[in-house]
Structure formats: C-alpha cells, structure tokens
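So this one's model-v7.txt, compact mmCIF, N, CA, C and O atoms:
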# COMPACT_ATOMS: atom_id res chain seq x y z
N MET A 1 -60.73 -25.51 11.60
CA MET A 1 -60.12 -24.43 12.36
C MET A 1 -59.39 -23.52 11.40
O MET A 1 -58.60 -23.96 10.58
N ASN A 2 -59.65 -22.25 11.50
CA ASN A 2 -59.07 -21.25 10.61
C ASN A 2 -58.03 -20.45 11.40
O ASN A 2 -58.30 -19.36 11.86
N ALA A 3 -56.82 -20.99 11.55
CA ALA A 3 -55.78 -20.34 12.35
C ALA A 3 -54.99 -19.38 11.45
O ALA A 3 -54.66 -19.70 10.32
N ILE A 4 -54.72 -18.22 11.99
CA ILE A 4 -53.95 -17.22 11.25
C ILE A 4 -52.51 -17.28 11.76
O ILE A 4 -52.26 -17.22 12.95
N GLY A 5 -51.57 -17.43 10.85
CA GLY A 5 -50.17 -17.50 11.24
C GLY A 5 -49.54 -16.12 11.29
O GLY A 5 -50.11 -15.12 10.85
N THR A 6 -48.35 -16.07 11.84
CA THR A 6 -47.59 -14.82 11.87
C THR A 6 -46.36 -14.99 10.99
O THR A 6 -46.10 -16.07 10.46
N ILE A 7 -45.59 -13.95 10.87
CA ILE A 7 -44.38 -14.03 10.04
C ILE A 7 -43.40 -15.00 10.68
O ILE A 7 -42.78 -15.82 10.00
N ASP A 8 -43.28 -14.91 12.01
CA ASP A 8 -42.34 -15.79 12.70
C ASP A 8 -42.83 -17.23 12.75
O ASP A 8 -42.04 -18.16 12.69
N ARG A 9 -44.15 -17.43 12.89
CA ARG A 9 -44.73 -18.78 12.99
C ARG A 9 -45.85 -18.92 11.95
O ARG A 9 -47.03 -18.76 12.29
N PRO A 10 -45.49 -19.20 10.71
CA PRO A 10 -46.54 -19.34 9.70
C PRO A 10 -47.34 -20.62 9.92
O PRO A 10 -46.87 -21.54 10.58
N VAL A 11 -48.56 -20.61 9.39
CA VAL A 11 -49.42 -21.78 9.51
C VAL A 11 -48.78 -22.95 8.77
O VAL A 11 -48.78 -24.08 9.25
N THR A 12 -48.22 -22.69 7.61
CA THR A 12 -47.58 -23.72 6.82
C THR A 12 -46.25 -23.21 6.30
O THR A 12 -46.04 -22.00 6.17
N HIS A 13 -45.35 -24.11 6.04
CA HIS A 13 -44.05 -23.72 5.48
C HIS A 13 -44.02 -23.90 3.98
O HIS A 13 -43.00 -23.61 3.35
N ASP A 14 -45.13 -24.34 3.41
CA ASP A 14 -45.23 -24.53 1.97
C ASP A 14 -45.49 -23.17 1.33
O ASP A 14 -46.51 -22.55 1.57
N PRO A 15 -44.60 -22.66 0.48
CA PRO A 15 -44.78 -21.32 -0.09
C PRO A 15 -46.02 -21.22 -0.98
O PRO A 15 -46.60 -20.14 -1.11
N GLN A 16 -46.46 -22.31 -1.58
CA GLN A 16 -47.64 -22.24 -2.44
C GLN A 16 -48.93 -22.09 -1.64
O GLN A 16 -49.91 -21.58 -2.14
N LYS A 17 -48.93 -22.54 -0.38
CA LYS A 17 -50.13 -22.45 0.44
C LYS A 17 -50.20 -21.15 1.24
O LYS A 17 -51.21 -20.86 1.86
N LEU A 18 -49.12 -20.38 1.25
CA LEU A 18 -49.12 -19.12 1.99
C LEU A 18 -49.95 -18.09 1.25
O LEU A 18 -50.06 -18.10 0.02
N ALA A 19 -50.54 -17.18 1.99
CA ALA A 19 -51.34 -16.11 1.39
C ALA A 19 -50.41 -15.14 0.69
O ALA A 19 -49.32 -14.86 1.18
N PRO A 20 -50.81 -14.61 -0.45
CA PRO A 20 -49.95 -13.64 -1.13
C PRO A 20 -49.84 -12.36 -0.32
O PRO A 20 -50.76 -11.97 0.37
N MET A 21 -48.68 -11.71 -0.43
CA MET A 21 -48.47 -10.47 0.31
C MET A 21 -49.21 -9.35 -0.39
O MET A 21 -49.17 -9.22 -1.61
N THR A 22 -49.90 -8.55 0.38
CA THR A 22 -50.61 -7.40 -0.17
C THR A 22 -50.03 -6.14 0.43
O THR A 22 -49.64 -6.12 1.60
N SER A 23 -49.96 -5.09 -0.36
CA SER A 23 -49.43 -3.83 0.14
C SER A 23 -50.55 -3.05 0.80
O SER A 23 -51.71 -3.15 0.42
N SER A 24 -50.19 -2.29 1.80
CA SER A 24 -51.20 -1.49 2.49
C SER A 24 -51.51 -0.25 1.67
O SER A 24 -50.73 0.19 0.84
N MET A 25 -52.66 0.34 1.95
CA MET A 25 -53.07 1.53 1.19
C MET A 25 -52.29 2.77 1.63
O MET A 25 -52.19 3.72 0.88
N SER A 26 -51.74 2.75 2.86
CA SER A 26 -51.01 3.92 3.34
C SER A 26 -49.66 4.06 2.64
O SER A 26 -49.08 5.13 2.60
N GLU A 27 -49.15 2.96 2.10
CA GLU A 27 -47.85 2.99 1.43
C GLU A 27 -48.07 3.09 -0.07
O GLU A 27 -48.71 2.24 -0.67
N PRO A 28 -47.56 4.14 -0.70
CA PRO A 28 -47.76 4.28 -2.15
C PRO A 28 -46.99 3.19 -2.90
O PRO A 28 -45.96 2.70 -2.42
N SER A 29 -47.48 2.83 -4.04
CA SER A 29 -46.82 1.77 -4.82
C SER A 29 -45.50 2.30 -5.36
O SER A 29 -45.38 3.46 -5.75
N GLY A 30 -44.50 1.42 -5.40
CA GLY A 30 -43.19 1.81 -5.91
C GLY A 30 -42.35 2.56 -4.91
O GLY A 30 -41.35 3.16 -5.27
N SER A 31 -42.76 2.58 -3.64
CA SER A 31 -41.99 3.33 -2.65
C SER A 31 -40.88 2.50 -2.05
O SER A 31 -40.06 3.02 -1.32
N ALA A 32 -40.88 1.21 -2.31
CA ALA A 32 -39.83 0.36 -1.75
C ALA A 32 -38.49 0.72 -2.36
O ALA A 32 -38.39 1.05 -3.54
N THR A 33 -37.45 0.66 -1.54
CA THR A 33 -36.12 0.98 -2.06
C THR A 33 -35.63 -0.16 -2.92
O THR A 33 -35.82 -1.32 -2.58
N PRO A 34 -35.04 0.13 -4.05
CA PRO A 34 -34.56 -0.95 -4.92
C PRO A 34 -33.41 -1.69 -4.25
O PRO A 34 -32.71 -1.16 -3.39
N ALA A 35 -33.22 -2.94 -4.65
CA ALA A 35 -32.18 -3.78 -4.06
C ALA A 35 -30.79 -3.20 -4.35
O ALA A 35 -29.92 -3.22 -3.51
N VAL A 36 -30.60 -2.66 -5.54
CA VAL A 36 -29.32 -2.06 -5.90
C VAL A 36 -29.56 -0.58 -6.13
O VAL A 36 -30.35 -0.19 -6.98
N THR A 37 -28.90 0.25 -5.34
CA THR A 37 -29.08 1.69 -5.52
C THR A 37 -28.21 2.15 -6.68
O THR A 37 -27.00 1.90 -6.70
N ILE A 38 -28.82 2.80 -7.62
CA ILE A 38 -28.11 3.25 -8.81
C ILE A 38 -27.14 4.37 -8.45
O ILE A 38 -26.04 4.45 -8.97
N ILE A 39 -27.53 5.20 -7.48
CA ILE A 39 -26.67 6.31 -7.08
C ILE A 39 -25.36 5.76 -6.52
O ILE A 39 -24.28 6.22 -6.87
N GLY A 40 -25.46 4.74 -5.66
CA GLY A 40 -24.25 4.15 -5.09
C GLY A 40 -23.38 3.51 -6.16
O GLY A 40 -22.16 3.60 -6.13
N ALA A 41 -24.03 2.85 -7.13
CA ALA A 41 -23.27 2.21 -8.20
C ALA A 41 -22.55 3.27 -9.03
O ALA A 41 -21.38 3.10 -9.37
N ASN A 42 -23.25 4.37 -9.35
CA ASN A 42 -22.60 5.43 -10.13
C ASN A 42 -21.46 6.06 -9.35
O ASN A 42 -20.41 6.35 -9.90
N ALA A 43 -21.69 6.25 -8.04
CA ALA A 43 -20.63 6.86 -7.22
C ALA A 43 -19.41 5.95 -7.17
O ALA A 43 -18.28 6.40 -7.31
N SER A 44 -19.65 4.64 -6.99
CA SER A 44 -18.50 3.73 -6.93
C SER A 44 -17.82 3.63 -8.29
O SER A 44 -16.61 3.54 -8.38
N ARG A 45 -18.62 3.67 -9.37
CA ARG A 45 -18.03 3.62 -10.71
C ARG A 45 -17.18 4.86 -10.95
O ARG A 45 -16.09 4.79 -11.46
N GLN A 46 -17.73 6.02 -10.52
CA GLN A 46 -16.98 7.26 -10.70
C GLN A 46 -15.72 7.23 -9.85
O GLN A 46 -14.65 7.67 -10.27
N ASN A 47 -15.83 6.69 -8.64
CA ASN A 47 -14.67 6.59 -7.77
C ASN A 47 -13.62 5.69 -8.39
O ASN A 47 -12.43 5.96 -8.34
N ARG A 48 -14.08 4.58 -9.01
CA ARG A 48 -13.15 3.67 -9.67
C ARG A 48 -12.42 4.39 -10.80
O ARG A 48 -11.22 4.26 -10.94
N THR A 49 -13.16 5.13 -11.60
CA THR A 49 -12.51 5.81 -12.73
C THR A 49 -11.54 6.87 -12.21
O THR A 49 -10.48 7.05 -12.77
N ARG A 50 -11.90 7.55 -11.11
CA ARG A 50 -11.00 8.54 -10.54
C ARG A 50 -9.73 7.85 -10.05
O ARG A 50 -8.62 8.32 -10.29
N GLU A 51 -9.91 6.71 -9.38
CA GLU A 51 -8.74 5.96 -8.92
C GLU A 51 -7.89 5.51 -10.11
O GLU A 51 -6.67 5.59 -10.06
N MET A 52 -8.54 5.07 -11.17
CA MET A 52 -7.79 4.61 -12.34
C MET A 52 -7.05 5.77 -12.99
O MET A 52 -5.95 5.59 -13.53
N GLN A 53 -7.64 6.97 -12.96
CA GLN A 53 -6.95 8.13 -13.53
C GLN A 53 -5.74 8.52 -12.68
O GLN A 53 -4.77 9.07 -13.19
N LEU A 54 -5.80 8.22 -11.39
CA LEU A 54 -4.70 8.58 -10.51
C LEU A 54 -3.61 7.51 -10.44
O LEU A 54 -2.56 7.73 -9.84
N ILE A 55 -3.84 6.36 -11.06
CA ILE A 55 -2.85 5.27 -11.03
C ILE A 55 -1.51 5.71 -11.62
O ILE A 55 -0.47 5.48 -11.00
N PRO A 56 -1.46 6.34 -12.80
CA PRO A 56 -0.15 6.74 -13.34
C PRO A 56 0.60 7.70 -12.41
O PRO A 56 1.81 7.60 -12.26
N GLU A 57 -0.14 8.60 -11.76
CA GLU A 57 0.50 9.53 -10.83
C GLU A 57 1.09 8.78 -9.64
O GLU A 57 2.22 9.04 -9.23
N ALA A 58 0.33 7.82 -9.11
CA ALA A 58 0.82 7.03 -7.98
C ALA A 58 2.03 6.20 -8.39
O ALA A 58 3.01 6.08 -7.64
N MET A 59 1.98 5.65 -9.62
CA MET A 59 3.11 4.86 -10.10
C MET A 59 4.35 5.73 -10.28
O MET A 59 5.46 5.32 -9.94
N ALA A 60 4.16 6.94 -10.81
CA ALA A 60 5.28 7.86 -10.99
C ALA A 60 5.88 8.25 -9.64
O ALA A 60 7.11 8.31 -9.49
N ARG A 61 5.00 8.47 -8.65
CA ARG A 61 5.49 8.82 -7.31
C ARG A 61 6.29 7.66 -6.71
O ARG A 61 7.37 7.86 -6.14
N ALA A 62 5.79 6.44 -6.87
CA ALA A 62 6.49 5.26 -6.35
C ALA A 62 7.83 5.09 -7.07
O ALA A 62 8.85 4.77 -6.44
N HIS A 63 7.83 5.32 -8.39
CA HIS A 63 9.05 5.20 -9.18
C HIS A 63 10.09 6.22 -8.71
O HIS A 63 11.28 5.91 -8.56
N MET A 64 9.63 7.44 -8.45
CA MET A 64 10.53 8.50 -8.01
C MET A 64 11.09 8.18 -6.61
O MET A 64 12.29 8.38 -6.36
N ASP A 65 10.23 7.66 -5.72
CA ASP A 65 10.71 7.27 -4.40
C ASP A 65 11.78 6.18 -4.50
O ASP A 65 12.79 6.22 -3.79
N GLU A 66 11.54 5.22 -5.40
CA GLU A 66 12.52 4.15 -5.60
C GLU A 66 13.84 4.71 -6.12
O GLU A 66 14.92 4.31 -5.66
N ARG A 67 13.77 5.64 -7.06
CA ARG A 67 14.99 6.26 -7.60
C ARG A 67 15.73 7.03 -6.50
O ARG A 67 16.96 7.03 -6.44
N LEU A 68 14.99 7.74 -5.63
CA LEU A 68 15.62 8.48 -4.54
C LEU A 68 16.31 7.52 -3.58
O LEU A 68 17.43 7.79 -3.10
N ARG A 69 15.67 6.38 -3.27
CA ARG A 69 16.29 5.38 -2.40
C ARG A 69 17.56 4.82 -3.04
O ARG A 69 18.59 4.66 -2.36
N GLU A 70 17.51 4.56 -4.34
CA GLU A 70 18.70 4.06 -5.04
C GLU A 70 19.82 5.09 -5.00
O GLU A 70 20.99 4.73 -4.78
N ALA A 71 19.48 6.35 -5.23
CA ALA A 71 20.50 7.40 -5.20
C ALA A 71 21.12 7.53 -3.81
O ALA A 71 22.33 7.71 -3.67
N ASP A 72 20.27 7.42 -2.78
CA ASP A 72 20.77 7.46 -1.40
C ASP A 72 21.74 6.31 -1.14
O ASP A 72 22.82 6.51 -0.57
N ALA A 73 21.35 5.11 -1.56
CA ALA A 73 22.20 3.94 -1.37
C ALA A 73 23.52 4.11 -2.12
O ALA A 73 24.60 3.76 -1.61
N GLU A 74 23.44 4.67 -3.33
CA GLU A 74 24.65 4.89 -4.14
C GLU A 74 25.58 5.89 -3.45
O GLU A 74 26.79 5.67 -3.37
N ARG A 75 25.00 6.99 -2.94
CA ARG A 75 25.82 7.99 -2.23
C ARG A 75 26.48 7.37 -0.99
O ARG A 75 27.65 7.63 -0.71
N GLN A 76 25.72 6.56 -0.26
CA GLN A 76 26.27 5.91 0.92
C GLN A 76 27.41 4.96 0.55
O GLN A 76 28.45 4.92 1.22
N ALA A 77 27.25 4.23 -0.55
CA ALA A 77 28.30 3.32 -1.01
C ALA A 77 29.55 4.10 -1.41
O ALA A 77 30.68 3.70 -1.09
N VAL A 78 29.36 5.22 -2.10
CA VAL A 78 30.51 6.04 -2.52
C VAL A 78 31.24 6.59 -1.30
O VAL A 78 32.48 6.59 -1.24
N ARG A 79 30.48 7.04 -0.29
CA ARG A 79 31.11 7.55 0.94
C ARG A 79 31.89 6.44 1.66
O ARG A 79 32.99 6.68 2.18
N LEU A 80 31.33 5.23 1.68
CA LEU A 80 32.00 4.11 2.33
C LEU A 80 33.30 3.76 1.62
O LEU A 80 34.34 3.56 2.26
N ILE A 81 33.27 3.75 0.29
CA ILE A 81 34.49 3.45 -0.50
C ILE A 81 35.55 4.52 -0.24
O ILE A 81 36.73 4.20 -0.04
N ALA A 82 35.13 5.78 -0.22
CA ALA A 82 36.08 6.87 0.03
C ALA A 82 36.66 6.76 1.44
O ALA A 82 37.88 6.98 1.64
N ALA A 83 35.83 6.40 2.42
CA ALA A 83 36.32 6.27 3.80
C ALA A 83 37.34 5.14 3.89
O ALA A 83 38.37 5.28 4.57
N ARG A 84 37.07 4.00 3.23
CA ARG A 84 38.03 2.88 3.25
C ARG A 84 39.34 3.27 2.58
O ARG A 84 40.44 2.91 3.05
N ARG A 85 39.24 4.01 1.47
CA ARG A 85 40.44 4.46 0.77
C ARG A 85 41.28 5.36 1.67
O ARG A 85 42.51 5.21 1.76
N MET A 86 40.62 6.30 2.36
CA MET A 86 41.36 7.21 3.26
C MET A 86 41.95 6.44 4.44
O MET A 86 43.06 6.76 4.90
N GLN A 87 41.24 5.40 4.92
CA GLN A 87 41.76 4.60 6.02
C GLN A 87 43.03 3.87 5.60
O GLN A 87 44.03 3.86 6.35
N ARG A 88 43.02 3.28 4.39
CA ARG A 88 44.22 2.59 3.90
C ARG A 88 45.38 3.58 3.73
O ARG A 88 46.54 3.27 4.08
N ARG A 89 45.08 4.76 3.22
CA ARG A 89 46.13 5.78 3.04
C ARG A 89 46.72 6.18 4.39
O ARG A 89 47.94 6.33 4.53
N ALA A 90 45.85 6.34 5.38
CA ALA A 90 46.32 6.72 6.73
C ALA A 90 47.17 5.60 7.33
O ALA A 90 48.19 5.87 8.00
N GLU A 91 46.75 4.33 7.10
CA GLU A 91 47.54 3.21 7.62
C GLU A 91 48.92 3.17 6.97
O GLU A 91 49.94 2.92 7.66
N ARG A 92 48.99 3.41 5.65
CA ARG A 92 50.29 3.42 4.96
C ARG A 92 51.17 4.56 5.48
O ARG A 92 52.38 4.39 5.71
N ALA A 93 50.55 5.72 5.71
CA ALA A 93 51.32 6.87 6.23
C ALA A 93 51.83 6.56 7.64
O ALA A 93 52.97 6.91 7.99
N SER A 94 51.01 5.88 8.42
CA SER A 94 51.42 5.51 9.78
C SER A 94 52.60 4.53 9.74
O SER A 94 53.57 4.66 10.51
N LEU A 95 52.54 3.55 8.83
CA LEU A 95 53.65 2.60 8.69
C LEU A 95 54.92 3.31 8.25
O LEU A 95 56.03 3.01 8.77
N ARG A 96 54.83 4.26 7.31
CA ARG A 96 56.01 5.01 6.87
C ARG A 96 56.61 5.80 8.03
O ARG A 96 57.83 5.86 8.20
N ALA A 97 55.72 6.39 8.84
CA ALA A 97 56.21 7.18 9.98
C ALA A 97 56.90 6.28 11.00
O ALA A 97 57.96 6.65 11.56
N ARG A 98 56.36 5.08 11.22
CA ARG A 98 56.98 4.15 12.17
C ARG A 98 58.35 3.69 11.66
O ARG A 98 59.33 3.58 12.42
N ARG A 99 58.42 3.42 10.35
CA ARG A 99 59.69 3.01 9.76
C ARG A 99 60.72 4.13 9.87
O ARG A 99 61.89 3.88 10.21
N ALA A 100 60.25 5.34 9.56
CA ALA A 100 61.16 6.48 9.62
C ALA A 100 61.68 6.67 11.06
O ALA A 100 62.86 6.95 11.28
N LEU A 101 60.78 6.50 12.02
CA LEU A 101 61.17 6.65 13.42
C LEU A 101 62.15 5.55 13.81
O LEU A 101 63.17 5.80 14.49
N ALA A 102 61.86 4.31 13.37
CA ALA A 102 62.76 3.20 13.68
C ALA A 102 64.13 3.42 13.06
O ALA A 102 65.18 3.14 13.69
N MET A 103 64.16 3.95 11.81
CA MET A 103 65.43 4.22 11.14
C MET A 103 66.20 5.31 11.90
O MET A 103 67.43 5.21 12.05
N ALA A 104 65.49 6.31 12.39
CA ALA A 104 66.15 7.41 13.10
C ALA A 104 66.71 6.91 14.43
O ALA A 104 67.81 7.35 14.86
N VAL A 105 66.00 6.02 15.08
CA VAL A 105 66.46 5.50 16.38
C VAL A 105 67.65 4.56 16.16
O VAL A 105 68.60 4.54 16.95
N MET A 106 67.63 3.79 15.07
CA MET A 106 68.70 2.81 14.82
C MET A 106 70.02 3.51 14.48
O MET A 106 71.07 3.02 14.82
N HIS A 107 69.99 4.63 13.80
CA HIS A 107 71.24 5.27 13.35
C HIS A 107 71.66 6.33 14.30
O HIS A 107 71.51 7.11 14.92
Encoded form using structure tokens:
Amino acid sequence: MNAIGTIDRPVTHDPQKLAPMTSSMSEPSGSATPAVTIIGANASRQNRTREMQLIPEAMARAHMDERLREADAERQAVRLIAARRMQRRAERASLRARRALAMAVMH
C-alpha cells in the first residue's frame, strides 16, 4: 500500500524516511525570508547606540533633578529653623509682657 501522508499526519515520524521537501516552480529560489532580518538587527543596533549616546544626558538630567530636590529640602529646613526661632522669640516676649503686667498690677 502506497499511502501518502500529510503535514499534520505523516506516514512515518522517522525523519530519515520522510520525503525531502521540494520547492515549487512558482516560487523563485531564495525568496524565503531569512530567520534573522538584518534590517531589524541594524535598526536595533542603531537604536542601542542612540540610547547609549543619550545616557550621559539622562544621567545629567537625573543629577540635576536630585540637586533641585536637595535644594528644596534645604530651603524648607532653613524656613523651619527660622520659624522655630521666631516662635521662641515670641514666647519670650509674651513671658516678658506677662511679667511686666503682673509687676504693674502688684505695685
């Protein structure tokens, strides 16, 4: 019996007994797309180099953002220290005023 198998159901699963694949005449030789496209590889390589060229700029931007955050935190700390200093000064002035008032009432 000479049974012809299909791709889904081959006659045998032994690769040595399978018939060799032949290309059709309607398809020109070498028309198959290569497994690795060189254009894509070049594009990704170029993209990588572009990204690598932009790394120092991105690092400088991140560094500058960090410095701005530090400066903001420093300004906030200075304002907090000044506010506490003024609060203590106001409390001392309030105590002096209370003492002065108590002295005036006592005499």
Practice prompt. Quote the spacing between atom N of Ala102 of chain A and atom O of Ala90 of chain A in Å to one decimal place.
Written response: 14.8 Å
Specify the axis-aligned box that encloses all atoms of segment 98-103 of chain A listed in the file after padding of 3 Å on each side, stating its centre and edge lengths in Å to one decimal as lines of an AutoDock Vina configuration file.
center_x = 61.9
center_y = 5.0
center_z = 12.0
size_x = 17.1
size_y = 9.9
size_z = 10.9
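Between atom O of Arg61 of chain A and atom CA of Leu80 of chain A the interatomic distance comes to 26.3 Å.
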